[in-house]
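Just start-v1.pdb here, PDB, C-alpha atoms:
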MODEL        1
ATOM      1  CA  MET A 717     106.219  97.176  92.528
ATOM      2  CA  ILE A 718     109.443  97.858  94.447
ATOM      3  CA  GLN A 719     107.526  99.459  97.295
ATOM      4  CA  ASP A 720     105.039  96.568  97.442
ATOM      5  CA  LEU A 721     107.728  93.971  98.135
ATOM      6  CA  LYS A 722     107.716  92.550 101.652
ATOM      7  CA  TYR A 723     110.955  93.605 103.267
ATOM      8  CA  ASP A 724     111.810  92.043 106.650
ATOM      9  CA  ASP A 725     112.099  93.866 109.992
ATOM     10  CA  ASN A 726     115.507  95.167 108.931
ATOM     11  CA  GLY A 727     114.161  96.401 105.596
ATOM     12  CA  LEU A 728     115.847  93.568 103.717
ATOM     13  CA  ILE A 729     114.759  91.036 101.103
ATOM     14  CA  PRO A 730     116.772  87.918 100.150
ATOM     15  CA  VAL A 731     117.991  87.835  96.565
ATOM     16  CA  ILE A 732     118.932  84.658  94.701
ATOM     17  CA  VAL A 733     121.366  85.248  91.832
ATOM     18  CA  GLN A 734     121.326  82.788  88.922
ATOM     19  CA  ASP A 735     123.673  82.602  85.927
ATOM     20  CA  ILE A 736     121.869  83.132  82.620
ATOM     21  CA  ASP A 737     124.274  80.882  80.694
ATOM     22  CA  SER A 738     124.848  77.901  82.988
ATOM     23  CA  ASN A 739     121.640  78.212  85.074
ATOM     24  CA  GLU A 740     123.824  77.769  88.153
ATOM     25  CA  VAL A 741     122.662  79.415  91.357
ATOM     26  CA  LEU A 742     125.628  81.674  92.090
ATOM     27  CA  MET A 743     124.858  83.222  95.467
ATOM     28  CA  LEU A 744     122.297  84.598  97.866
ATOM     29  CA  ALA A 745     122.576  88.104  99.256
ATOM     30  CA  TYR A 746     120.293  90.816 100.633
ATOM     31  CA  MET A 747     118.923  94.050  99.231
ATOM     32  CA  ASN A 748     117.026  96.912 100.752
ATOM     33  CA  LYS A 749     114.869  99.256  98.693
ATOM     34  CA  THR A 750     117.767 101.575  97.913
ATOM     35  CA  SER A 751     120.108  98.811  96.733
ATOM     36  CA  LEU A 752     117.316  97.480  94.514
ATOM     37  CA  GLU A 753     116.924 100.970  93.052
ATOM     38  CA  LYS A 754     120.704 101.164  92.469
ATOM     39  CA  THR A 755     120.488  97.779  90.743
ATOM     40  CA  LEU A 756     117.632  98.893  88.508
ATOM     41  CA  LYS A 757     119.323 102.179  87.675
ATOM     42  CA  THR A 758     122.791 100.781  86.876
ATOM     43  CA  GLY A 759     121.895  97.308  85.558
ATOM     44  CA  LYS A 760     124.487  95.850  87.948
ATOM     45  CA  THR A 761     123.674  94.047  91.194
ATOM     46  CA  HIS A 762     123.980  96.120  94.377
ATOM     47  CA  PHE A 763     123.391  94.617  97.805
ATOM     48  CA  TRP A 764     123.291  95.564 101.480
ATOM     49  CA  SER A 765     125.957  93.906 103.599
ATOM     50  CA  ARG A 766     124.516  92.811 106.928
ATOM     51  CA  SER A 767     127.950  92.230 108.456
ATOM     52  CA  ARG A 768     129.541  95.474 107.279
ATOM     53  CA  GLN A 769     126.292  97.496 107.340
ATOM     54  CA  LYS A 770     126.981  99.119 104.010
ATOM     55  CA  TYR A 771     126.055  99.015 100.353
ATOM     56  CA  TRP A 772     128.254  97.012  98.011
ATOM     57  CA  MET A 773     128.218  96.435  94.306
ATOM     58  CA  LYS A 774     129.056  92.852  93.375
ATOM     59  CA  GLY A 775     132.492  92.968  91.729
ATOM     60  CA  GLU A 776     133.433  96.428  92.991
ATOM     61  CA  THR A 777     136.886  95.135  94.007
ATOM     62  CA  SER A 778     137.226  91.935  91.938
ATOM     63  CA  GLY A 779     135.748  93.326  88.746
ATOM     64  CA  ASN A 780     133.412  90.332  88.643
ATOM     65  CA  VAL A 781     130.271  92.398  88.238
ATOM     66  CA  GLN A 782     126.856  90.951  87.477
ATOM     67  CA  LEU A 783     124.867  92.399  84.574
ATOM     68  CA  VAL A 784     121.150  92.156  85.236
ATOM     69  CA  ASN A 785     119.086  90.362  82.645
ATOM     70  CA  LYS A 786     115.836  89.897  84.537
ATOM     71  CA  ILE A 787     114.445  90.442  88.040
ATOM     72  CA  LEU A 788     111.705  88.090  89.206
ATOM     73  CA  TYR A 789     109.765  88.079  92.484
ATOM     74  CA  ASP A 790     107.973  85.228  94.153
ATOM     75  CA  CYS A 791     104.329  84.514  95.006
ATOM     76  CA  ASP A 792     104.763  85.880  98.538
ATOM     77  CA  GLU A 793     106.585  88.971  97.249
ATOM     78  CA  ASP A 794     109.305  88.468  99.842
ATOM     79  CA  THR A 795     112.137  87.009  97.728
ATOM     80  CA  LEU A 796     113.834  88.124  94.514
ATOM     81  CA  LEU A 797     115.490  86.027  91.808
ATOM     82  CA  ILE A 798     117.876  87.919  89.568
ATOM     83  CA  ILE A 799     119.140  86.368  86.357
ATOM     84  CA  VAL A 800     122.557  87.783  85.518
ATOM     85  CA  GLU A 801     125.440  87.657  83.142
ATOM     86  CA  GLN A 802     128.346  86.942  85.491
ATOM     87  CA  ILE A 803     131.464  88.788  84.362
ATOM     88  CA  GLY A 804     134.893  87.307  85.149
ATOM     89  CA  SER A 805     135.798  84.064  86.844
ATOM     90  CA  GLY A 806     132.801  83.808  89.085
ATOM     91  CA  ALA A 807     130.638  85.111  91.901
ATOM     92  CA  CYS A 808     132.335  83.699  94.994
ATOM     93  CA  HIS A 809     135.069  85.505  96.926
ATOM     94  CA  THR A 810     136.790  82.109  97.350
ATOM     95  CA  GLY A 811     137.499  81.987  93.620
ATOM     96  CA  ASN A 812     134.809  79.437  92.919
ATOM     97  CA  ARG A 813     132.284  80.146  90.177
ATOM     98  CA  THR A 814     129.369  79.702  92.599
ATOM     99  CA  CYS A 815     129.211  80.133  96.372
ATOM    100  CA  PHE A 816     127.531  76.706  96.557
ATOM    101  CA  TYR A 817     130.574  74.532  95.934
ATOM    102  CA  ARG A 818     130.248  72.169  98.899
ATOM    103  CA  LYS A 819     127.816  69.354  99.510
ATOM    104  CA  ILE A 820     126.240  67.963 102.665
ATOM    105  CA  GLU A 821     126.602  64.213 102.774
ATOM    106  CA  THR A 822     123.123  62.775 102.741
ATOM    107  CA  GLY A 823     124.036  59.160 103.221
ATOM    108  CA  GLN A 824     122.556  58.391  99.802
ATOM    109  CA  PRO A 825     124.831  57.155  97.030
ATOM    110  CA  ASP A 826     125.642  59.971  94.616
ATOM    111  CA  SER A 827     123.970  59.273  91.311
ATOM    112  CA  GLY A 828     126.055  61.827  89.544
TER     113      GLY A 828
ATOM    114  CA  MET B 966     128.128  69.777 109.231
ATOM    115  CA  ILE B 967     124.471  70.439 110.106
ATOM    116  CA  GLN B 968     125.426  71.881 113.491
ATOM    117  CA  ASP B 969     128.138  74.093 111.948
ATOM    118  CA  LEU B 970     125.697  75.928 109.690
ATOM    119  CA  LYS B 971     124.995  79.523 110.660
ATOM    120  CA  TYR B 972     121.360  79.724 111.612
ATOM    121  CA  ASP B 973     119.889  83.205 112.197
ATOM    122  CA  ASP B 974     118.568  84.602 115.492
ATOM    123  CA  ASN B 975     115.406  82.550 115.025
ATOM    124  CA  GLY B 976     117.362  79.372 114.359
ATOM    125  CA  LEU B 977     116.549  79.491 110.644
ATOM    126  CA  ILE B 978     118.529  79.210 107.443
ATOM    127  CA  PRO B 979     117.213  80.184 103.980
ATOM    128  CA  VAL B 980     116.917  77.326 101.502
ATOM    129  CA  ILE B 981     116.864  77.779  97.728
ATOM    130  CA  VAL B 982     115.164  74.900  95.902
ATOM    131  CA  GLN B 983     116.197  74.198  92.304
ATOM    132  CA  ASP B 984     114.707  71.723  89.818
ATOM    133  CA  ILE B 985     117.202  69.058  88.722
ATOM    134  CA  ASP B 986     115.617  68.702  85.286
ATOM    135  CA  SER B 987     114.866  72.260  84.190
ATOM    136  CA  ASN B 988     117.396  74.048  86.445
ATOM    137  CA  GLU B 989     114.589  76.441  87.361
ATOM    138  CA  VAL B 990     114.715  78.020  90.796
ATOM    139  CA  LEU B 991     111.418  76.836  92.242
ATOM    140  CA  MET B 992     111.134  78.548  95.624
ATOM    141  CA  LEU B 993     112.850  79.851  98.712
ATOM    142  CA  ALA B 994     111.815  78.680 102.171
ATOM    143  CA  TYR B 995     113.350  78.323 105.619
ATOM    144  CA  MET B 996     114.625  75.383 107.632
ATOM    145  CA  ASN B 997     115.736  74.989 111.201
ATOM    146  CA  LYS B 998     118.047  72.184 112.326
ATOM    147  CA  THR B 999     115.165  69.786 112.949
ATOM    148  CA  SER B1000     113.552  70.319 109.537
ATOM    149  CA  LEU B1001     116.933  69.777 107.902
ATOM    150  CA  GLU B1002     117.258  66.519 109.829
ATOM    151  CA  LYS B1003     113.757  65.497 108.696
ATOM    152  CA  THR B1004     114.780  66.304 105.121
ATOM    153  CA  LEU B1005     117.938  64.232 105.376
ATOM    154  CA  LYS B1006     116.109  61.334 107.004
ATOM    155  CA  THR B1007     113.162  61.168 104.609
ATOM    156  CA  GLY B1008     114.741  62.435 101.382
ATOM    157  CA  LYS B1009     111.849  64.889 101.013
ATOM    158  CA  THR B1010     112.044  68.617 101.744
ATOM    159  CA  HIS B1011     110.724  69.727 105.125
ATOM    160  CA  PHE B1012     110.622  73.400 106.136
ATOM    161  CA  TRP B1013     109.700  75.657 109.046
ATOM    162  CA  SER B1014     106.804  77.996 108.359
ATOM    163  CA  ARG B1015     107.498  81.417 109.833
ATOM    164  CA  SER B1016     103.885  82.539 109.425
ATOM    165  CA  ARG B1017     102.286  79.411 110.847
ATOM    166  CA  GLN B1018     105.146  78.587 113.248
ATOM    167  CA  LYS B1019     105.091  74.903 112.381
ATOM    168  CA  TYR B1020     106.915  72.273 110.360
ATOM    169  CA  TRP B1021     105.611  71.472 106.918
ATOM    170  CA  MET B1022     106.627  68.974 104.281
ATOM    171  CA  LYS B1023     106.471  70.397 100.764
ATOM    172  CA  GLY B1024     103.565  68.632  99.046
ATOM    173  CA  GLU B1025     101.940  67.337 102.223
ATOM    174  CA  THR B1026      98.534  68.512 100.978
ATOM    175  CA  SER B1027      99.086  68.895  97.219
ATOM    176  CA  GLY B1028     101.118  65.719  96.765
ATOM    177  CA  ASN B1029     103.749  67.814  94.968
ATOM    178  CA  VAL B1030     106.627  66.583  97.109
ATOM    179  CA  GLN B1031     110.272  67.317  96.385
ATOM    180  CA  LEU B1032     112.718  64.402  96.276
ATOM    181  CA  VAL B1033     116.159  65.506  97.405
ATOM    182  CA  ASN B1034     119.004  64.881  95.001
ATOM    183  CA  LYS B1035     121.712  67.016  96.552
ATOM    184  CA  ILE B1036     122.120  69.542  99.375
ATOM    185  CA  LEU B1037     124.748  72.237  98.927
ATOM    186  CA  TYR B1038     125.809  75.004 101.318
ATOM    187  CA  ASP B1039     127.474  78.289 100.543
ATOM    188  CA  CYS B1040     130.851  79.833 101.391
ATOM    189  CA  ASP B1041     129.408  81.643 104.420
ATOM    190  CA  GLU B1042     127.595  78.499 105.592
ATOM    191  CA  ASP B1043     124.401  80.488 106.051
ATOM    192  CA  THR B1044     122.372  79.434 102.987
ATOM    193  CA  LEU B1045     121.392  76.052 101.537
ATOM    194  CA  LEU B1046     120.719  75.088  97.929
ATOM    195  CA  ILE B1047     118.741  71.888  97.478
ATOM    196  CA  ILE B1048     118.504  70.238  94.090
ATOM    197  CA  VAL B1049     115.263  68.304  93.846
ATOM    198  CA  GLU B1050     113.092  66.214  91.636
ATOM    199  CA  GLN B1051     109.798  68.116  91.750
ATOM    200  CA  ILE B1052     106.866  65.712  91.746
ATOM    201  CA  GLY B1053     103.544  66.819  90.223
ATOM    202  CA  SER B1054     102.652  70.055  88.517
ATOM    203  CA  GLY B1055     105.012  72.319  90.384
ATOM    204  CA  ALA B1056     106.245  73.923  93.556
ATOM    205  CA  CYS B1057     104.029  76.982  93.855
ATOM    206  CA  HIS B1058     100.708  77.014  95.721
ATOM    207  CA  THR B1059      99.348  79.261  92.928
ATOM    208  CA  GLY B1060      99.601  76.380  90.461
ATOM    209  CA  ASN B1061     102.661  77.758  88.739
ATOM    210  CA  ARG B1062     105.661  75.495  88.299
ATOM    211  CA  THR B1063     107.924  77.994  90.100
ATOM    212  CA  CYS B1064     107.117  80.659  92.692
ATOM    213  CA  PHE B1065     109.097  83.153  90.577
ATOM    214  CA  TYR B1066     106.569  83.652  87.775
ATOM    215  CA  ARG B1067     106.432  87.464  87.781
ATOM    216  CA  LYS B1068     108.956  89.991  86.570
ATOM    217  CA  ILE B1069     109.868  93.477  87.733
ATOM    218  CA  GLU B1070     109.950  95.868  84.826
ATOM    219  CA  THR B1071     113.486  97.152  84.546
ATOM    220  CA  GLY B1072     112.912  99.661  81.799
ATOM    221  CA  GLN B1073     115.234  97.674  79.545
ATOM    222  CA  PRO B1074     113.871  96.008  76.414
ATOM    223  CA  ASP B1075     113.321  92.279  76.982
ATOM    224  CA  SER B1076     115.879  90.414  74.931
ATOM    225  CA  GLY B1077     113.989  87.177  75.360
TER     226      GLY B1077
ENDMDL
END
Whole structure given in structure tokens:
Amino acid sequence: MIQDLKYDDNGLIPVIVQDIDSNEVLMLAYMNKTSLEKTLKTGKTHFWSRSRQKYWMKGETSGNVQLVNKILYDCDEDTLLIIVEQIGSGACHTGNRTCFYRKIETGQPDSG
Amino acid sequence: MIQDLKYDDNGLIPVIVQDIDSNEVLMLAYMNKTSLEKTLKTGKTHFWSRSRQKYWMKGETSGNVQLVNKILYDCDEDTLLIIVEQIGSGACHTGNRTCFYRKIETGQPDSG
């Protein structure tokens, strides 16, 4: 299956990471085939950094690793969704639990 | 805020869509600035189709529109997460509720 996924022109596929306990979407990052293989082999998420052009394991400095529970792929086979157990305080380098901690004002009253 | 988001070389930003009721991740698609403005204006998700090179409103043929509850952006300002009320049977053109209905075998026993 890994080789059938549709990687983009840079050999990358976007990966959504979701928390198995809270169901929060924690982050989006990118994998290439090798980082997906590292992820499958180790059971911890490994990505490709587009800015630094290198492999990184989530939590390699912070200790906030992500233990893989399940890897899903979408109908178009060009996006992954990984359900993880997030170790430590959270996924975001800012210290927030999720990278999605800010809201765009939509002009609609917030119903909660 | 919309103009401060980091769109890619094609003027696009990936958008994760999550169901407000089930917390399921439904799909990933792409927006440009105009489709985000359409989304904000109408309260229904509008995307840019990379394959068809045109705007599309989710549900424009199926009727399965997505009513926007909340739009979040990530720490890097290069990904959106939209929480929606999914109208109808689901988000996926295959008839599944979510586009992520298939699993990559990880070689680990499924704990549920």
Could you list, as a VMD selection string, every residue matched by the PyMOL selection byres ((chain B) within 7 of (chain A)) in this structure?
chain B and resid 988 1005 1036 to 1040 1064 to 1069 1071
Between CA of Asn997 (chain B) and CA of Ile978 (chain B), what is the distance in Å, rounded to a tenth?
6.3 Å
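Across the model, the gap from CA of His1011 (chain B) to CA of Glu1025 (chain B) is 9.6 Å.
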Once 3 Å is added on each side, what are the centre and the three edge lengths, in Å to one decimal, of the axis-aligned box enclosing the listed atoms of region 774-782 of chain A? Present them as AutoDock Vina command-line options.
--center_x 132.0 --center_y 93.4 --center_z 90.7 --size_x 16.4 --size_y 12.1 --size_z 12.5
What does the distance between CA of Ser751 (chain A) and CA of Trp764 (chain A) come to in Å, to one decimal place?
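Taking CA of Ser751 (chain A) as the start and CA of Trp764 (chain A) as the end point, the length is 6.6 Å.
Considering all atoms listed in the file, the residue among B:Leu1032, B:Asp969, B:Gly1060, B:Ser1027 positioned nearest to Thr1007 (chain B) is B:Leu1032.
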Can you spell out as a ChimeraX atom specification the set of residues that the PyMOL selection byres ((chain B and resi 1051) around 9) selects in the structure I just provided?
/B:983-986,991,1029-1033,1049-1050,1052-1056
Can you find the residues with an atom no farther than 6 Å from (107.3, 71.6, 103.4), counting all atoms listed in the file, and report them as a ChimeraX atom specification?
/B:1010-1012,1021-1023
Nearest-residue call for Leu970 (chain B), choices B:Arg1017, B:Ile1048, B:Thr1026, B:Leu1001, using only C-alpha atoms:
B:Leu1001
